[in-house]
file run_33.pdb (PDB, C-alpha atoms)
MODEL        1
ATOM      1  CA  MET A   1      72.578  73.115  20.109
ATOM      2  CA  LEU A   2      71.411  74.883  23.264
ATOM      3  CA  ASP A   3      74.289  73.397  25.262
ATOM      4  CA  GLN A   4      76.637  75.740  23.369
ATOM      5  CA  ALA A   5      75.222  78.671  25.341
ATOM      6  CA  ALA A   6      77.709  78.124  28.154
ATOM      7  CA  HIS A   7      80.593  78.623  25.723
ATOM      8  CA  GLU A   8      79.536  81.968  24.257
ATOM      9  CA  ASN A   9      81.753  85.054  24.724
ATOM     10  CA  PHE A  10      78.994  86.749  26.700
ATOM     11  CA  PRO A  11      76.481  85.165  29.108
ATOM     12  CA  VAL A  12      73.207  84.126  27.495
ATOM     13  CA  ALA A  13      70.928  83.398  30.451
ATOM     14  CA  PRO A  14      72.863  83.579  33.727
ATOM     15  CA  PHE A  15      71.579  81.816  36.822
ATOM     16  CA  PHE A  16      70.693  84.991  38.723
ATOM     17  CA  LEU A  17      67.900  85.982  36.331
ATOM     18  CA  PRO A  18      64.254  85.098  37.006
ATOM     19  CA  ARG A  19      63.407  81.651  35.678
ATOM     20  CA  VAL A  20      60.934  82.967  33.101
ATOM     21  CA  TRP A  21      63.517  85.400  31.676
ATOM     22  CA  ARG A  22      66.046  82.591  31.445
ATOM     23  CA  ALA A  23      63.593  80.379  29.589
ATOM     24  CA  ASP A  24      62.730  83.169  27.156
ATOM     25  CA  LEU A  25      66.363  84.134  26.597
ATOM     26  CA  MET A  26      67.265  80.507  25.888
ATOM     27  CA  ALA A  27      64.396  80.242  23.409
ATOM     28  CA  VAL A  28      65.717  83.283  21.558
ATOM     29  CA  TYR A  29      69.263  81.923  21.787
ATOM     30  CA  GLY A  30      68.099  78.663  20.232
ATOM     31  CA  PHE A  31      66.761  80.575  17.246
ATOM     32  CA  ALA A  32      69.884  82.751  16.938
ATOM     33  CA  ARG A  33      72.170  79.709  17.168
ATOM     34  CA  LEU A  34      70.146  77.864  14.530
ATOM     35  CA  VAL A  35      70.238  80.733  12.053
ATOM     36  CA  ASP A  36      73.981  81.242  12.604
ATOM     37  CA  ASP A  37      74.695  77.530  12.190
ATOM     38  CA  ILE A  38      72.768  77.563   8.922
ATOM     39  CA  GLY A  39      74.620  80.648   7.705
ATOM     40  CA  ASP A  40      78.030  79.240   8.674
ATOM     41  CA  GLY A  41      77.367  75.723   7.388
ATOM     42  CA  ASP A  42      77.723  74.309  10.894
ATOM     43  CA  LEU A  43      74.527  72.269  11.179
ATOM     44  CA  ALA A  44      74.811  68.735  12.502
ATOM     45  CA  PRO A  45      75.562  66.267   9.708
ATOM     46  CA  GLY A  46      72.841  64.073   8.282
ATOM     47  CA  GLY A  47      70.352  66.697   7.134
ATOM     48  CA  GLY A  48      68.076  66.424  10.160
ATOM     49  CA  ASP A  49      67.505  70.159  10.416
ATOM     50  CA  ALA A  50      66.664  70.369   6.710
ATOM     51  CA  VAL A  51      63.983  67.717   7.169
ATOM     52  CA  LEU A  52      62.621  69.473  10.267
ATOM     53  CA  LEU A  53      62.280  72.656   8.205
ATOM     54  CA  GLY A  54      60.355  70.842   5.502
ATOM     55  CA  LEU A  55      63.186  70.397   3.000
ATOM     56  CA  ASP A  56      64.694  67.328   1.430
ATOM     57  CA  ARG A  57      67.555  65.781   3.375
ATOM     58  CA  ALA A  58      69.808  66.361   0.352
ATOM     59  CA  GLN A  59      69.420  70.135   0.881
ATOM     60  CA  TYR A  60      71.323  69.991   4.179
ATOM     61  CA  ASP A  61      74.041  72.277   2.789
ATOM     62  CA  ASP A  62      71.857  74.578   0.665
ATOM     63  CA  ARG A  63      72.166  77.621   2.896
ATOM     64  CA  PRO A  64      69.863  79.980   0.963
ATOM     65  CA  ALA A  65      67.123  77.330   0.836
ATOM     66  CA  LEU A  66      67.558  76.599   4.554
ATOM     67  CA  LEU A  67      67.340  80.291   5.439
ATOM     68  CA  ASP A  68      64.202  80.655   3.311
ATOM     69  CA  ALA A  69      62.677  77.628   5.041
ATOM     70  CA  LEU A  70      63.607  79.031   8.449
ATOM     71  CA  GLU A  71      61.949  82.352   7.585
ATOM     72  CA  ALA A  72      58.804  80.499   6.533
ATOM     73  CA  ASP A  73      58.855  78.638   9.865
ATOM     74  CA  LEU A  74      59.331  81.946  11.695
ATOM     75  CA  HIS A  75      56.183  83.293  10.077
ATOM     76  CA  ARG A  76      54.355  80.223  11.394
ATOM     77  CA  VAL A  77      55.499  81.206  14.904
ATOM     78  CA  PHE A  78      53.713  84.540  14.490
ATOM     79  CA  SER A  79      50.622  83.065  12.831
ATOM     80  CA  ASP A  80      47.508  81.741  14.526
ATOM     81  CA  ARG A  81      46.837  79.407  11.615
ATOM     82  CA  ALA A  82      47.566  75.705  11.602
ATOM     83  CA  PRO A  83      49.950  74.063  11.100
ATOM     84  CA  GLY A  84      52.343  75.604  13.575
ATOM     85  CA  PRO A  85      56.134  75.773  13.326
ATOM     86  CA  LYS A  86      57.938  72.647  12.136
ATOM     87  CA  HIS A  87      61.326  72.898  13.839
ATOM     88  CA  PRO A  88      61.338  72.159  17.597
ATOM     89  CA  LEU A  89      63.427  75.247  18.332
ATOM     90  CA  MET A  90      60.824  77.349  16.548
ATOM     91  CA  ARG A  91      58.016  75.674  18.482
ATOM     92  CA  ARG A  92      59.897  76.513  21.671
ATOM     93  CA  LEU A  93      60.086  80.146  20.537
ATOM     94  CA  GLY A  94      56.309  80.501  20.222
ATOM     95  CA  PRO A  95      55.421  80.885  23.920
ATOM     96  CA  THR A  96      58.164  83.508  24.343
ATOM     97  CA  VAL A  97      56.918  85.506  21.359
ATOM     98  CA  ARG A  98      53.376  85.511  22.715
ATOM     99  CA  ARG A  99      54.234  86.125  26.370
ATOM    100  CA  CYS A 100      56.598  89.021  25.600
ATOM    101  CA  GLU A 101      54.624  90.381  22.619
ATOM    102  CA  LEU A 102      57.735  90.267  20.430
ATOM    103  CA  THR A 103      57.600  91.376  16.797
ATOM    104  CA  PRO A 104      59.085  89.529  13.802
ATOM    105  CA  GLU A 105      61.536  92.283  12.833
ATOM    106  CA  PRO A 106      64.493  91.379  15.083
ATOM    107  CA  PHE A 107      64.280  87.725  14.067
ATOM    108  CA  LEU A 108      64.038  88.638  10.393
ATOM    109  CA  GLY A 109      67.096  90.859  10.819
ATOM    110  CA  LEU A 110      69.156  87.923  12.070
ATOM    111  CA  ILE A 111      68.059  85.817   9.106
ATOM    112  CA  GLU A 112      68.885  88.625   6.676
ATOM    113  CA  ALA A 113      72.342  89.029   8.232
ATOM    114  CA  ASN A 114      73.050  85.395   7.435
ATOM    115  CA  ARG A 115      71.700  85.805   3.911
ATOM    116  CA  GLN A 116      74.111  88.689   3.545
ATOM    117  CA  ASP A 117      76.934  86.416   4.697
ATOM    118  CA  GLN A 118      76.203  84.231   1.660
ATOM    119  CA  ARG A 119      76.585  87.203  -0.702
ATOM    120  CA  VAL A 120      79.056  89.530   0.990
ATOM    121  CA  SER A 121      82.415  88.499   2.417
ATOM    122  CA  ARG A 122      84.194  91.885   2.419
ATOM    123  CA  TYR A 123      83.134  95.343   3.628
ATOM    124  CA  ALA A 124      84.391  98.439   1.872
ATOM    125  CA  THR A 125      83.733 100.962   4.619
ATOM    126  CA  TYR A 126      83.118 101.161   8.342
ATOM    127  CA  ASP A 127      79.583 102.387   7.637
ATOM    128  CA  ASP A 128      78.970  99.225   5.601
ATOM    129  CA  LEU A 129      80.142  97.126   8.542
ATOM    130  CA  VAL A 130      77.922  99.030  10.977
ATOM    131  CA  ALA A 131      74.943  98.445   8.663
ATOM    132  CA  TYR A 132      75.712  94.721   8.780
ATOM    133  CA  CYS A 133      75.880  94.851  12.600
ATOM    134  CA  GLU A 134      72.422  96.439  12.591
ATOM    135  CA  LEU A 135      71.179  93.118  11.220
ATOM    136  CA  SER A 136      73.563  90.659  12.876
ATOM    137  CA  ALA A 137      73.913  92.091  16.406
ATOM    138  CA  ASN A 138      71.490  94.867  17.294
ATOM    139  CA  PRO A 139      68.369  92.648  17.108
ATOM    140  CA  VAL A 140      69.723  90.590  20.005
ATOM    141  CA  GLY A 141      69.796  93.564  22.360
ATOM    142  CA  ARG A 142      66.352  94.631  21.235
ATOM    143  CA  LEU A 143      65.045  91.153  22.001
ATOM    144  CA  VAL A 144      66.588  91.268  25.485
ATOM    145  CA  LEU A 145      64.798  94.573  26.126
ATOM    146  CA  GLY A 146      61.566  93.097  24.767
ATOM    147  CA  ILE A 147      61.793  89.996  26.929
ATOM    148  CA  THR A 148      62.437  92.060  30.052
ATOM    149  CA  GLY A 149      59.735  94.625  29.220
ATOM    150  CA  THR A 150      62.157  97.549  29.285
ATOM    151  CA  SER A 151      62.168  98.812  25.682
ATOM    152  CA  SER A 152      62.228 102.552  25.050
ATOM    153  CA  PRO A 153      63.693 104.601  22.181
ATOM    154  CA  GLU A 154      66.655 105.750  24.285
ATOM    155  CA  ARG A 155      67.382 102.280  25.643
ATOM    156  CA  ILE A 156      67.205 100.838  22.132
ATOM    157  CA  ARG A 157      69.703 103.453  20.933
ATOM    158  CA  ARG A 158      72.110 102.620  23.754
ATOM    159  CA  SER A 159      71.576  98.898  23.281
ATOM    160  CA  ASP A 160      72.369  99.185  19.566
ATOM    161  CA  ALA A 161      75.677 100.881  20.418
ATOM    162  CA  VAL A 162      76.615  98.105  22.853
ATOM    163  CA  CYS A 163      75.605  95.305  20.473
ATOM    164  CA  THR A 164      77.468  96.787  17.511
ATOM    165  CA  ALA A 165      80.509  97.193  19.756
ATOM    166  CA  LEU A 166      80.342  93.559  20.873
ATOM    167  CA  GLN A 167      80.057  92.409  17.271
ATOM    168  CA  ILE A 168      83.121  94.444  16.285
ATOM    169  CA  VAL A 169      84.997  93.048  19.290
ATOM    170  CA  GLU A 170      84.291  89.528  18.037
ATOM    171  CA  HIS A 171      85.401  90.482  14.527
ATOM    172  CA  VAL A 172      88.639  91.863  15.960
ATOM    173  CA  GLN A 173      89.254  88.715  18.009
ATOM    174  CA  ASP A 174      88.385  86.322  15.179
ATOM    175  CA  VAL A 175      90.297  87.788  12.227
ATOM    176  CA  ALA A 176      92.151  84.538  11.505
ATOM    177  CA  GLU A 177      89.075  82.326  11.935
ATOM    178  CA  ASP A 178      86.975  84.584   9.714
ATOM    179  CA  LEU A 179      89.641  84.602   7.025
ATOM    180  CA  GLY A 180      89.569  80.807   7.123
ATOM    181  CA  ARG A 181      85.880  81.098   6.164
ATOM    182  CA  ASP A 182      86.837  83.543   3.386
ATOM    183  CA  ARG A 183      85.362  86.470   5.305
ATOM    184  CA  VAL A 184      87.051  89.736   6.239
ATOM    185  CA  TYR A 185      85.204  92.050   8.603
ATOM    186  CA  LEU A 186      87.946  94.682   8.743
ATOM    187  CA  PRO A 187      86.817  97.528   6.456
ATOM    188  CA  ALA A 188      88.799  97.679   3.210
ATOM    189  CA  GLU A 189      89.250 101.446   3.549
ATOM    190  CA  ASP A 190      90.928 100.911   6.940
ATOM    191  CA  MET A 191      93.127  98.116   5.641
ATOM    192  CA  LYS A 192      94.283 100.423   2.845
ATOM    193  CA  ARG A 193      94.905 103.267   5.285
ATOM    194  CA  PHE A 194      97.158 101.069   7.435
ATOM    195  CA  GLY A 195      98.803  99.315   4.503
ATOM    196  CA  VAL A 196      97.409  95.881   5.409
ATOM    197  CA  THR A 197      96.689  93.198   2.808
ATOM    198  CA  GLU A 198      94.797  89.938   3.149
ATOM    199  CA  ALA A 199      98.128  88.157   2.839
ATOM    200  CA  ASP A 200      99.192  90.007   5.992
ATOM    201  CA  LEU A 201      96.085  88.684   7.775
ATOM    202  CA  ALA A 202      96.983  85.134   6.763
ATOM    203  CA  ALA A 203     100.391  85.318   8.484
ATOM    204  CA  PRO A 204     101.011  83.363  11.718
ATOM    205  CA  SER A 205     101.580  86.602  13.605
ATOM    206  CA  GLY A 206     100.648  90.209  12.983
ATOM    207  CA  GLY A 207     103.239  92.747  11.948
ATOM    208  CA  ALA A 208     103.256  96.371  13.055
ATOM    209  CA  SER A 209     100.720  97.481  10.430
ATOM    210  CA  VAL A 210      98.264  94.724  11.307
ATOM    211  CA  ARG A 211      98.542  95.483  15.007
ATOM    212  CA  ALA A 212      97.982  99.185  14.370
ATOM    213  CA  LEU A 213      94.854  98.355  12.373
ATOM    214  CA  ILE A 214      93.525  96.076  15.129
ATOM    215  CA  ALA A 215      94.200  98.767  17.732
ATOM    216  CA  PHE A 216      92.254 101.265  15.599
ATOM    217  CA  GLU A 217      89.220  98.983  15.267
ATOM    218  CA  ALA A 218      89.384  98.083  18.955
ATOM    219  CA  GLU A 219      89.260 101.759  19.870
ATOM    220  CA  ARG A 220      86.163 102.199  17.735
ATOM    221  CA  ALA A 221      84.525  99.352  19.618
ATOM    222  CA  ARG A 222      85.546 100.904  22.930
ATOM    223  CA  ASP A 223      83.962 104.224  21.934
ATOM    224  CA  LEU A 224      80.710 102.475  21.081
ATOM    225  CA  LEU A 225      80.736 100.629  24.413
ATOM    226  CA  ASN A 226      81.217 103.923  26.196
ATOM    227  CA  GLU A 227      78.322 105.396  24.240
ATOM    228  CA  GLY A 228      76.044 102.557  25.230
ATOM    229  CA  THR A 229      77.097 102.049  28.843
ATOM    230  CA  ALA A 230      74.441 104.449  30.164
ATOM    231  CA  LEU A 231      71.945 101.700  29.303
ATOM    232  CA  VAL A 232      73.124  99.898  32.444
ATOM    233  CA  GLY A 233      72.245 102.843  34.671
ATOM    234  CA  SER A 234      68.763 103.134  33.160
ATOM    235  CA  VAL A 235      67.553  99.789  34.574
ATOM    236  CA  HIS A 236      67.503  98.166  37.983
ATOM    237  CA  GLY A 237      67.969  94.889  39.808
ATOM    238  CA  ARG A 238      69.083  91.752  38.063
ATOM    239  CA  LEU A 239      68.646  93.252  34.607
ATOM    240  CA  LYS A 240      71.255  95.857  35.550
ATOM    241  CA  LEU A 241      73.669  93.060  36.409
ATOM    242  CA  LEU A 242      72.964  91.268  33.112
ATOM    243  CA  LEU A 243      73.528  94.363  30.986
ATOM    244  CA  ALA A 244      76.600  95.318  32.996
ATOM    245  CA  GLY A 245      77.902  91.827  32.217
ATOM    246  CA  PHE A 246      77.518  92.445  28.483
ATOM    247  CA  VAL A 247      79.438  95.724  28.684
ATOM    248  CA  ALA A 248      82.062  94.249  30.998
ATOM    249  CA  GLY A 249      82.502  91.273  28.670
ATOM    250  CA  GLY A 250      83.271  93.612  25.797
ATOM    251  CA  ARG A 251      85.686  95.686  27.840
ATOM    252  CA  ALA A 252      87.480  92.626  29.197
ATOM    253  CA  ALA A 253      87.806  91.220  25.667
ATOM    254  CA  LEU A 254      89.320  94.490  24.481
ATOM    255  CA  GLN A 255      91.673  94.400  27.444
ATOM    256  CA  ALA A 256      92.770  90.896  26.378
ATOM    257  CA  VAL A 257      93.396  92.126  22.833
ATOM    258  CA  ALA A 258      95.506  94.979  24.178
ATOM    259  CA  ALA A 259      97.407  92.597  26.489
ATOM    260  CA  ALA A 260      98.277  90.545  23.389
ATOM    261  CA  GLU A 261      99.717  93.764  21.911
ATOM    262  CA  HIS A 262      96.900  93.630  19.356
ATOM    263  CA  ASP A 263      98.293  90.492  17.734
ATOM    264  CA  VAL A 264      95.121  88.482  17.151
ATOM    265  CA  LEU A 265      96.428  86.300  14.307
ATOM    266  CA  PRO A 266      97.751  83.413  16.456
ATOM    267  CA  GLY A 267      94.224  83.024  17.888
ATOM    268  CA  PRO A 268      91.545  85.085  19.591
ATOM    269  CA  PRO A 269      92.765  86.670  22.841
ATOM    270  CA  LYS A 270      90.322  85.747  25.602
ATOM    271  CA  PRO A 271      89.720  87.607  28.867
ATOM    272  CA  THR A 272      90.304  85.937  32.193
ATOM    273  CA  LYS A 273      87.508  85.544  34.717
ATOM    274  CA  LEU A 274      89.357  87.926  37.027
ATOM    275  CA  SER A 275      89.525  90.662  34.394
ATOM    276  CA  LEU A 276      85.853  90.154  33.605
ATOM    277  CA  MET A 277      84.898  90.524  37.278
ATOM    278  CA  ARG A 278      87.030  93.648  37.606
ATOM    279  CA  GLU A 279      85.375  95.206  34.575
ATOM    280  CA  LEU A 280      81.930  94.231  35.887
ATOM    281  CA  ALA A 281      82.649  95.924  39.201
ATOM    282  CA  ALA A 282      83.882  99.027  37.395
ATOM    283  CA  VAL A 283      80.742  99.254  35.229
ATOM    284  CA  LEU A 284      78.456  98.820  38.237
ATOM    285  CA  ARG A 285      80.343 101.470  40.213
ATOM    286  CA  ARG A 286      80.080 103.918  37.348
ATOM    287  CA  GLU A 287      76.428 103.222  36.535
ATOM    288  CA  GLY A 288      75.179 102.408  40.026
TER     289      GLY A 288
ENDMDL
END

call {"tool": "encode", "arguments": {"input": "run_33.pdb", "output": "C-alpha cells"}}
result
Amino acid sequence: MLDQAAHENFPVAPFFLPRVWRADLMAVYGFARLVDDIGDGDLAPGGGDAVLLGLDRAQYDDRPALLDALEADLHRVFSDRAPGPKHPLMRRLGPTVRRCELTPEPFLGLIEANRQDQRVSRYATYDDLVAYCELSANPVGRLVLGITGTSSPERIRRSDAVCTALQIVEHVQDVAEDLGRDRVYLPAEDMKRFGVTEADLAAPSGGASVRALIAFEAERARDLLNEGTALVGSVHGRLKLLLAGFVAGGRAALQAVAAAEHDVLPGPPKPTKLSLMRELAAVLRREG
C-alpha cells in the first residue's frame, strides 16, 4: 500500500526532507491510503485488512463496518490502554502521533469523508462540495503542519485553501473516473447553469458546455490556490520547498487541464515534469 506514494499527484515525502519528517509523513499517508481504499472498495482481495481490523473475513467489502472498525483502531492509537492498535499501519502511526502530539480530529475527518462517500454521490452546491473538502482534504494539510511543528491559525487557514483547491483540481481531472464510480463532484447548481447533464459527462469527449463548466471550476481552484500561496512564504528551508511543491503541483495540473482545452473526459490531463518545475520556480520566486 505504501508503495503507491510515488504515484500520487503530489509528492508525499520527498527525499529532501529530514528523515524523521519523511517517516512521519509516510505513516500518515499509510493511514490516509487505507481509509481511502476502504471507502473506494479498493482493498486487496482476500479480506486480510478486515481480519487485521478485527472483523470477519467475509466483511471484506462491508465499507461502513470497515470504517467503523478503522475508527475503533484509531482510538486505540490515541489510548494508553492495552491492547494497542490491531492493523500494522495503525501501529506504525502511533509513534508519529506521540512524537508530534497530533490530535484525533484530522484522522477522524478523513474517516468521516469516506463515510460520506457511502451516502452522498452528488453535491447540490459549491458550498456543499467545500464542506466535503473540509473533511476529505484539509486534514492532510493540518497534519503536515502538525508533523513539522508549524501550525498557527493563519497557516491553517492558508493550508485549508490550498488543500481544498488541490481536491477540486483532482475532481476536475477525474470527472470520467468518478462518474464510473457513480460519483459526481461537479456541483449540480453549476451543471444546471452551464446546461450540462450527466449524460454529457459520460460522452467520450466534452462538448462546449462541458468544457465551459470545467474551466469555471478550474478557475475556482486557481483562486483558492492563490489565496493559500502565502503559506509558502510563511515558512523556511525544506518545508518551504515541500509546500511550494504542493502549490506548484496544483498549478501545473490546472495548466494541463487548460492545455487540453478543458476536455477532461478522455482521461485526466497530467502535467509534465518540466511544467511542474517551472511552476515550482515561479512559486518560490514569488514567495521567497

call {"tool": "resolve_selection", "arguments": {"input": "run_33.pdb", "expression": "the PyMOL selection byres ((chain A and resi 54-71) around 8)", "output": "list in words"}}
result
Val35, Ile38, Gly39, Gly41, Pro45, Gly46, Gly47, Gly48, Asp49, Ala50, Val51, Leu52, Leu53, Ala72, Asp73, Leu74, His75, Lys86, Leu108, Ile111, Asn114, Arg115 and Gln118 of chain A

call {"tool": "write_last_selection", "arguments": {"input": "run_33.pdb", "atoms": "C-alpha atoms", "output": "mmCIF file, in the coordinates of the input"}}
result
data_model
loop_
_atom_site.group_PDB
_atom_site.id
_atom_site.type_symbol
_atom_site.label_atom_id
_atom_site.label_comp_id
_atom_site.auth_asym_id
_atom_site.auth_seq_id
_atom_site.Cartn_x
_atom_site.Cartn_y
_atom_site.Cartn_z
ATOM 1 C CA VAL A 35 70.238 80.733 12.053
ATOM 2 C CA ILE A 38 72.768 77.563 8.922
ATOM 3 C CA GLY A 39 74.620 80.648 7.705
ATOM 4 C CA GLY A 41 77.367 75.723 7.388
ATOM 5 C CA PRO A 45 75.562 66.267 9.708
ATOM 6 C CA GLY A 46 72.841 64.073 8.282
ATOM 7 C CA GLY A 47 70.352 66.697 7.134
ATOM 8 C CA GLY A 48 68.076 66.424 10.160
ATOM 9 C CA ASP A 49 67.505 70.159 10.416
ATOM 10 C CA ALA A 50 66.664 70.369 6.710
ATOM 11 C CA VAL A 51 63.983 67.717 7.169
ATOM 12 C CA LEU A 52 62.621 69.473 10.267
ATOM 13 C CA LEU A 53 62.280 72.656 8.205
ATOM 14 C CA ALA A 72 58.804 80.499 6.533
ATOM 15 C CA ASP A 73 58.855 78.638 9.865
ATOM 16 C CA LEU A 74 59.331 81.946 11.695
ATOM 17 C CA HIS A 75 56.183 83.293 10.077
ATOM 18 C CA LYS A 86 57.938 72.647 12.136
ATOM 19 C CA LEU A 108 64.038 88.638 10.393
ATOM 20 C CA ILE A 111 68.059 85.817 9.106
ATOM 21 C CA ASN A 114 73.050 85.395 7.435
ATOM 22 C CA ARG A 115 71.700 85.805 3.911
ATOM 23 C CA GLN A 118 76.203 84.231 1.660
#

call {"tool": "residues_around", "arguments": {"input": "run_33.pdb", "residues": "region 266-279 of chain A", "least_positions_apart": "2", "cutoff": "6 Å", "atoms": "all atoms listed in the file", "output": "PyMOL selection string"}}
result
chain A and resi 173-174+204-205+248+252-253+256-257+264+281-282

call {"tool": "resolve_selection", "arguments": {"input": "run_33.pdb", "expression": "the PyMOL selection byres ((chain A and resi 224) around 10)", "output": "PyMOL selection string"}}
result
chain A and resi 158+160-166+168+218-223+225-229

call {"tool": "residues_around", "arguments": {"input": "run_33.pdb", "residues": "Pro106 (chain A)", "least_positions_apart": "5", "cutoff": "8 Å", "atoms": "all atoms listed in the file", "output": "VMD selection string"}}
result
chain A and resid 135 139 to 140 142 to 143

call {"tool": "closest_residue", "arguments": {"input": "run_33.pdb", "among": "A:Val175, A:Met26, A:Met90, A:Val169", "to": "Asp200 (chain A)", "atoms": "all atoms listed in the file"}}
result
A:Val175

call {"tool": "resolve_selection", "arguments": {"input": "run_33.pdb", "expression": "the PyMOL selection byres ((chain A and resi 183) around 12)", "output": "PyMOL selection string"}}
result
chain A and resi 40+116-123+171+174-182+184-188+198+201-202

call {"tool": "closest_residue", "arguments": {"input": "run_33.pdb", "among": "A:Leu89, A:Cys133, A:Val172, A:Ile156", "to": "Val210 (chain A)", "atoms": "all atoms listed in the file"}}
result
A:Val172

call {"tool": "closest_residue", "arguments": {"input": "run_33.pdb", "among": "A:Arg286, A:Arg92, A:Ala208, A:Val97", "to": "Phe78 (chain A)", "atoms": "only C-alpha atoms"}}
result
A:Val97

call {"tool": "closest_residue", "arguments": {"input": "run_33.pdb", "among": "A:Ser159, A:Thr125, A:Ser152, A:Asn138", "to": "Arg193 (chain A)", "atoms": "all atoms listed in the file"}}
result
A:Thr125

call {"tool": "axis_aligned_box", "arguments": {"input": "run_33.pdb", "around": "region 87-98 of chain A", "padding_each_side": "5 Å", "output": "lines of an AutoDock Vina configuration file"}}
result
center_x = 58.4
center_y = 78.8
center_z = 19.1
size_x = 20.1
size_y = 23.4
size_z = 20.5

call {"tool": "residues_around", "arguments": {"input": "run_33.pdb", "residues": "Ser209 (chain A)", "least_positions_apart": "3", "cutoff": "12 Å", "atoms": "all atoms listed in the file", "output": "list of chain:residue names"}}
result
A:Asp190, A:Met191, A:Lys192, A:Arg193, A:Phe194, A:Gly195, A:Val196, A:Thr197, A:Asp200, A:Leu201, A:Ser205, A:Gly206, A:Ala212, A:Leu213, A:Ile214, A:Ala215, A:Phe216, A:His262, A:Asp263

call {"tool": "atom_distance", "arguments": {"input": "run_33.pdb", "atom1": "CA of His236 (chain A)", "atom2": "CA of Gly141 (chain A)"}}
result
16.4 Å

call {"tool": "atom_distance", "arguments": {"input": "run_33.pdb", "atom1": "CA of Pro14 (chain A)", "atom2": "CA of Ala113 (chain A)"}}
result
26.1 Å

call {"tool": "residues_around", "arguments": {"input": "run_33.pdb", "residues": "Val20 (chain A)", "least_positions_apart": "5", "cutoff": "12 Å", "atoms": "all atoms listed in the file", "output": "JSON, numbers by chain"}}
result
{"A": [13, 14, 15, 25, 26, 27, 95, 96, 99, 100, 147, 148]}

call {"tool": "atom_distance", "arguments": {"input": "run_33.pdb", "atom1": "CA of Ala230 (chain A)", "atom2": "CA of Glu134 (chain A)"}}
result
19.4 Å

call {"tool": "residues_around", "arguments": {"input": "run_33.pdb", "residues": "Leu284 (chain A)", "least_positions_apart": "3", "cutoff": "10 Å", "atoms": "all atoms listed in the file", "output": "list of chain:residue names"}}
result
A:Val232, A:Gly233, A:Lys240, A:Leu241, A:Leu243, A:Ala244, A:Gly245, A:Ala248, A:Glu279, A:Leu280, A:Ala281, A:Glu287, A:Gly288

call {"tool": "decode", "arguments": {"input": "run_33.pdb", "residues": "region 26-30 of chain A", "atoms": "all heavy atoms", "output": "mmCIF file, in the first residue's frame"}}
result
data_model
loop_
_atom_site.group_PDB
_atom_site.id
_atom_site.type_symbol
_atom_site.label_atom_id
_atom_site.label_comp_id
_atom_site.auth_asym_id
_atom_site.auth_seq_id
_atom_site.Cartn_x
_atom_site.Cartn_y
_atom_site.Cartn_z
ATOM 1 N N MET A 26 4.994 9.450 5.897
ATOM 2 C CA MET A 26 4.624 8.153 5.330
ATOM 3 C C MET A 26 3.678 7.395 6.255
ATOM 4 O O MET A 26 2.795 6.659 5.793
ATOM 5 C CB MET A 26 5.868 7.331 5.027
ATOM 6 C CG MET A 26 6.658 7.823 3.814
ATOM 7 S SD MET A 26 5.667 7.883 2.293
ATOM 8 C CE MET A 26 5.301 6.144 2.045
ATOM 9 N N ALA A 27 3.835 7.567 7.557
ATOM 10 C CA ALA A 27 2.900 6.937 8.492
ATOM 11 C C ALA A 27 1.504 7.501 8.313
ATOM 12 O O ALA A 27 0.509 6.757 8.298
ATOM 13 C CB ALA A 27 3.384 7.137 9.928
ATOM 14 N N VAL A 28 1.413 8.816 8.171
ATOM 15 C CA VAL A 28 0.117 9.459 7.942
ATOM 16 C C VAL A 28 -0.441 9.061 6.574
ATOM 17 O O VAL A 28 -1.642 8.801 6.416
ATOM 18 C CB VAL A 28 0.250 10.991 8.064
ATOM 19 C CG1 VAL A 28 -0.985 11.699 7.520
ATOM 20 C CG2 VAL A 28 0.489 11.372 9.524
ATOM 21 N N TYR A 29 0.437 8.995 5.580
ATOM 22 C CA TYR A 29 -0.009 8.566 4.246
ATOM 23 C C TYR A 29 -0.577 7.152 4.289
ATOM 24 O O TYR A 29 -1.590 6.865 3.638
ATOM 25 C CB TYR A 29 1.148 8.625 3.251
ATOM 26 C CG TYR A 29 0.776 8.055 1.893
ATOM 27 C CD1 TYR A 29 0.080 8.818 0.971
ATOM 28 C CD2 TYR A 29 1.099 6.735 1.562
ATOM 29 C CE1 TYR A 29 -0.284 8.289 -0.259
ATOM 30 C CE2 TYR A 29 0.733 6.200 0.334
ATOM 31 C CZ TYR A 29 0.044 6.977 -0.573
ATOM 32 O OH TYR A 29 -0.340 6.455 -1.780
ATOM 33 N N GLY A 30 0.072 6.269 5.048
ATOM 34 C CA GLY A 30 -0.426 4.905 5.158
ATOM 35 C C GLY A 30 -1.844 4.870 5.685
ATOM 36 O O GLY A 30 -2.693 4.116 5.185
#
